[in-house]
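Q: Handing you this structure, nothing more for now.
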Amino acid sequence: MNKSAQIGLLLATVIGLAVAAATIGSVGLNQVTTAMATIGWLGMASFVLWSGGVLGLLGMAWVSVAPGQPAHRAPLFVWARTTREAATDILPFSQLGGLVVGARTLAAFGVPQPVIYASMIADLTTEMAAQLLFTLAGVAVLLLVLTDQSVQNGLVPLALGGVVAMVALMALFVFAQKPVLALAGKLGARILPGSIAMTDAIRHQLDLIYREPKRVIAAFLFNLAAWLASAAGAWIALRFMGVGTPLWAVLMIEALIFTLRSVAFAIPGAIGVQEAAYVLIGPLVGMPPATALALSLLKRARDVIIAVPALLAWQVGEARRVVG
């Protein structure tokens, strides 16, 4: 990462932290911490375990589009997806940093690099497609439940803008896959020997993936199930907190939150964006701002509980690779 990118990430992180702090301050720190405490140890443990199941679905989606990788290697892809999410969630990286960590995790287990990168591209494509469907459903529900014109004027354009941005990103990602690979190969040939061979190998693996639509559909369905399950996890956390927000309302909130997080992919962990979005959207379905913000912070705590052991284990594996 060059110096300009490092400065940009640092600046984005500082701004995000400032927004998060201001949001917490506006709601009231005592109210938020009190709401967080209502989940209890059993509730938090259940929330973390449920999130582990979501990672399992994401890993299954990834292995579904990995040519030549048998089903019994699925746990490796689940582990790689776990380290990938861990790096994205708690390290000062953008999502690109998490992708690198996930790729290195698979490489350590002998998965060929062309398979890793081609399957990652296909997996990201199906994940974005599944998220788009989930988001459109969330926006549709939002339009149905909103009755306050002043709220509509402010929030609906934001939600629709997020959808448009997602569609644009997905279209760019889908249609630019092979041209970008070809350009990368030509540029890389002037810098690194063998780069053309690598990009050709990745392109070949992509062709193999898209020749098997059943595998692509399977990845899409696993990713869609993961989006739904992740949103349901928030509903489970709220139930342990004694909050009776309906499941459909939580699914709507989470769909919009996920969209905003995706659009803000350059901000590490979408810090600040997630917190402000919960406070803005939660009250639309009767969720007090303190509760909405508490849910956001509980998700941050869950990420730390999962990510810290995962990254420590990954670092141990990396150290053994170097020593070995």
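If you're wondering about the labels, chains in the structure tokens are A, B, ... by order shown, residues count from 1 in each chain, ligands from 1 in order shown.
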List every residue of stretch 188-274 of chain A that DSSP, applied to the backbone of this structure, assigns to helix (DSSP H, G or I), and report them as a count of residues only.
A: 68
Q: Near A:Leu224, counting only C-alpha atoms, which residues have an atom at most 10 Å away, once you skip same-chain residues fewer than 2 positions from it, shown as a list in words?
A: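 Surrounding residues, per the criterion: Leu57, Leu58, Ala61, Thr126, Glu127, Met128, Ala129, Ala130, Gln131, Leu132, Leu133, Phe134, Ala218, Ala219, Phe220, Leu221, Phe222, Ala226, Trp227, Leu228, Ala229 and Ser230 of chain A.
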Q: Name the residues in contact with stretch 303-317 of chain A at a cut-off of 9 Å, using only C-alpha atoms, excluding same-chain residues fewer than 2 positions from it; report them as a list in words.
A: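 So, after excluding close chain neighbours, the residues are Val48, Ser51, Gly52, Trp79, Thr82, Thr83, Glu85, Ala86, Ala87, Asp89, Ile90, Val101, Thr105, Ala108, Leu298, Lys299, Arg300, Ala301, Ala319, Arg320, Arg321 and Val322 of chain A.
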Q: For the residues in the current selection, export C-alpha atoms as a PDB file, in the first residue's frame.
A:
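Dumped everything to out.pdb:
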```pdb
ATOM      1  CA  VAL A  48     -21.658 -15.037  18.263  1.00  0.00           C
ATOM      2  CA  SER A  51     -22.635 -15.459  13.312  1.00  0.00           C
ATOM      3  CA  GLY A  52     -20.314 -18.459  13.090  1.00  0.00           C
ATOM      4  CA  TRP A  79     -11.727 -20.619   7.613  1.00  0.00           C
ATOM      5  CA  THR A  82     -13.439 -16.075   8.572  1.00  0.00           C
ATOM      6  CA  THR A  83      -9.938 -14.561   8.359  1.00  0.00           C
ATOM      7  CA  GLU A  85     -13.979 -10.992   7.425  1.00  0.00           C
ATOM      8  CA  ALA A  86     -11.819 -10.615  10.537  1.00  0.00           C
ATOM      9  CA  ALA A  87      -9.264  -8.492   8.707  1.00  0.00           C
ATOM     10  CA  ASP A  89     -13.896  -5.873  10.390  1.00  0.00           C
ATOM     11  CA  ILE A  90     -11.221  -4.949  12.921  1.00  0.00           C
ATOM     12  CA  VAL A 101      -5.776 -12.127   3.927  1.00  0.00           C
ATOM     13  CA  THR A 105      -5.147 -18.300   4.046  1.00  0.00           C
ATOM     14  CA  ALA A 108      -1.262 -21.769   2.870  1.00  0.00           C
ATOM     15  CA  LEU A 298     -22.944  -5.209  19.955  1.00  0.00           C
ATOM     16  CA  LYS A 299     -22.222  -6.194  16.363  1.00  0.00           C
ATOM     17  CA  ARG A 300     -18.840  -4.500  16.690  1.00  0.00           C
ATOM     18  CA  ALA A 301     -18.206  -6.444  19.909  1.00  0.00           C
ATOM     19  CA  ALA A 319       4.801 -17.557  11.200  1.00  0.00           C
ATOM     20  CA  ARG A 320       5.051 -21.315  10.792  1.00  0.00           C
ATOM     21  CA  ARG A 321       5.100 -20.900   7.017  1.00  0.00           C
ATOM     22  CA  VAL A 322       8.014 -18.474   7.266  1.00  0.00           C
TER      23      VAL A 322
END
```
Q: Residues at most 10 Å from A:Leu293, counting only C-alpha atoms, excluding those fewer than 2 positions away in the same chain, as a compact mmCIF listing (two decimals) with N, CA and C atoms, in the first residue's frame?
A:
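In the end it all went to out-v4.txt:
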```
# COMPACT_ATOMS: atom_id res chain seq x y z
N ALA A 20 -18.80 8.35 14.73
CA ALA A 20 -19.33 7.37 15.68
C ALA A 20 -19.41 7.98 17.08
N THR A 23 -22.21 10.45 17.25
CA THR A 23 -23.50 9.76 17.28
C THR A 23 -23.81 9.23 18.66
N ILE A 24 -22.80 8.60 19.28
CA ILE A 24 -22.99 8.08 20.65
C ILE A 24 -23.27 9.23 21.60
N VAL A 27 -26.87 10.50 21.38
CA VAL A 27 -27.87 9.59 21.94
C VAL A 27 -27.73 9.51 23.45
N GLY A 28 -26.49 9.50 23.93
CA GLY A 28 -26.25 9.38 25.37
C GLY A 28 -25.51 8.09 25.68
N LEU A 29 -24.28 8.20 26.15
CA LEU A 29 -23.45 7.02 26.41
C LEU A 29 -24.09 6.10 27.44
N GLN A 31 -27.25 5.66 28.21
CA GLN A 31 -28.40 4.97 27.63
C GLN A 31 -27.95 3.82 26.72
N VAL A 32 -26.91 4.07 25.96
CA VAL A 32 -26.43 3.05 25.03
C VAL A 32 -25.84 1.87 25.78
N THR A 33 -24.98 2.13 26.77
CA THR A 33 -24.36 1.04 27.51
C THR A 33 -25.40 0.24 28.30
N ALA A 35 -28.52 -0.23 27.38
CA ALA A 35 -29.20 -1.07 26.39
C ALA A 35 -28.33 -2.25 25.98
N MET A 36 -27.04 -2.03 25.84
CA MET A 36 -26.14 -3.13 25.47
C MET A 36 -26.11 -4.22 26.54
N GLN A 274 -22.05 2.96 9.89
CA GLN A 274 -22.99 1.99 10.46
C GLN A 274 -23.73 2.59 11.65
N GLU A 275 -23.01 3.26 12.54
CA GLU A 275 -23.64 3.81 13.75
C GLU A 275 -24.68 4.88 13.41
N ALA A 276 -24.31 5.78 12.52
CA ALA A 276 -25.24 6.85 12.14
C ALA A 276 -26.46 6.27 11.43
N ALA A 277 -26.25 5.25 10.61
CA ALA A 277 -27.36 4.66 9.87
C ALA A 277 -28.36 3.99 10.81
N TYR A 278 -27.88 3.30 11.82
CA TYR A 278 -28.79 2.66 12.77
C TYR A 278 -29.65 3.70 13.50
N VAL A 279 -29.01 4.78 13.91
CA VAL A 279 -29.76 5.82 14.63
C VAL A 279 -30.79 6.48 13.72
N LEU A 280 -30.49 6.57 12.43
CA LEU A 280 -31.40 7.20 11.47
C LEU A 280 -32.57 6.29 11.11
N GLY A 282 -33.44 3.06 12.57
CA GLY A 282 -34.10 2.32 13.64
C GLY A 282 -35.43 2.91 14.10
N MET A 287 -37.88 1.54 16.95
CA MET A 287 -36.72 1.16 17.74
C MET A 287 -36.06 2.42 18.29
N PRO A 288 -35.97 2.57 19.62
CA PRO A 288 -35.35 3.77 20.19
C PRO A 288 -33.91 3.93 19.71
N PRO A 289 -33.46 5.16 19.54
CA PRO A 289 -32.09 5.39 19.07
C PRO A 289 -31.04 4.68 19.92
N ALA A 290 -31.24 4.68 21.26
CA ALA A 290 -30.26 4.02 22.13
C ALA A 290 -30.19 2.53 21.84
N THR A 291 -31.34 1.92 21.58
CA THR A 291 -31.37 0.48 21.28
C THR A 291 -30.72 0.21 19.93
N LEU A 295 -27.35 -2.00 19.35
CA LEU A 295 -27.25 -3.14 18.43
C LEU A 295 -26.02 -3.00 17.54
N SER A 296 -25.77 -1.80 17.04
CA SER A 296 -24.60 -1.58 16.20
C SER A 296 -23.31 -1.88 16.97
N LEU A 297 -23.23 -1.42 18.21
CA LEU A 297 -22.02 -1.63 19.00
C LEU A 297 -21.88 -3.09 19.43
N LEU A 298 -23.01 -3.78 19.65
CA LEU A 298 -22.94 -5.21 19.95
C LEU A 298 -22.41 -5.99 18.75
N LYS A 299 -22.77 -5.55 17.56
CA LYS A 299 -22.22 -6.19 16.36
C LYS A 299 -20.71 -5.95 16.27
```
Q: For stretch 66-72 of chain A, work out the shell of residues within 8 Å, counting only C-alpha atoms and skipping chain neighbours fewer than 3 positions away, then give it as number ranges by chain.
A: A: 62-63, 75, 115-116, 118-119, 205, 208-209
Q: Would you compute the distance between atom CA of A:Phe77 and atom CA of A:Asp200? Give it in Å to one decimal.
A: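 It comes out at 23.4 Å.
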Q: For A:Glu318, which residue out of A:Leu106, A:Gly53, A:Ser46, A:Ala74 is the nearest one, using only C-alpha atoms?
A: A:Leu106
Q: Can you list, as JSON, numbers by chain, every protein, DNA or RNA residue that comes within 12 Å of A:Leu42 when you count only C-alpha atoms, leaving out same-chain residues fewer than 6 positions away?
A: {"A": [48, 49, 236, 237, 239, 240, 241]}
Q: Those same residues - C-alpha atoms - I'd like them written as a tab-separated table (two decimals), in the first residue's frame.
A:
```tsv
chain	number	residue	atom	x	y	z
A	48	VAL	CA	-21.66	-15.04	18.26
A	49	LEU	CA	-22.51	-18.69	17.57
A	236	ILE	CA	-32.05	-12.68	17.71
A	237	ALA	CA	-29.85	-10.18	19.53
A	239	ARG	CA	-34.98	-10.57	21.30
A	240	PHE	CA	-32.38	-11.27	24.00
A	241	MET	CA	-32.37	-7.53	24.70
```
Q: In Å, rounded to a single decimal, give me how far atom CA of A:Leu206 is from atom CA of A:Gly102.
A: 18.3 Å
Q: Could you check how far atom CA of A:Thr125 sits from atom CA of A:Tyr210, in Å to one decimal?
A: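 It comes out at 11.4 Å.
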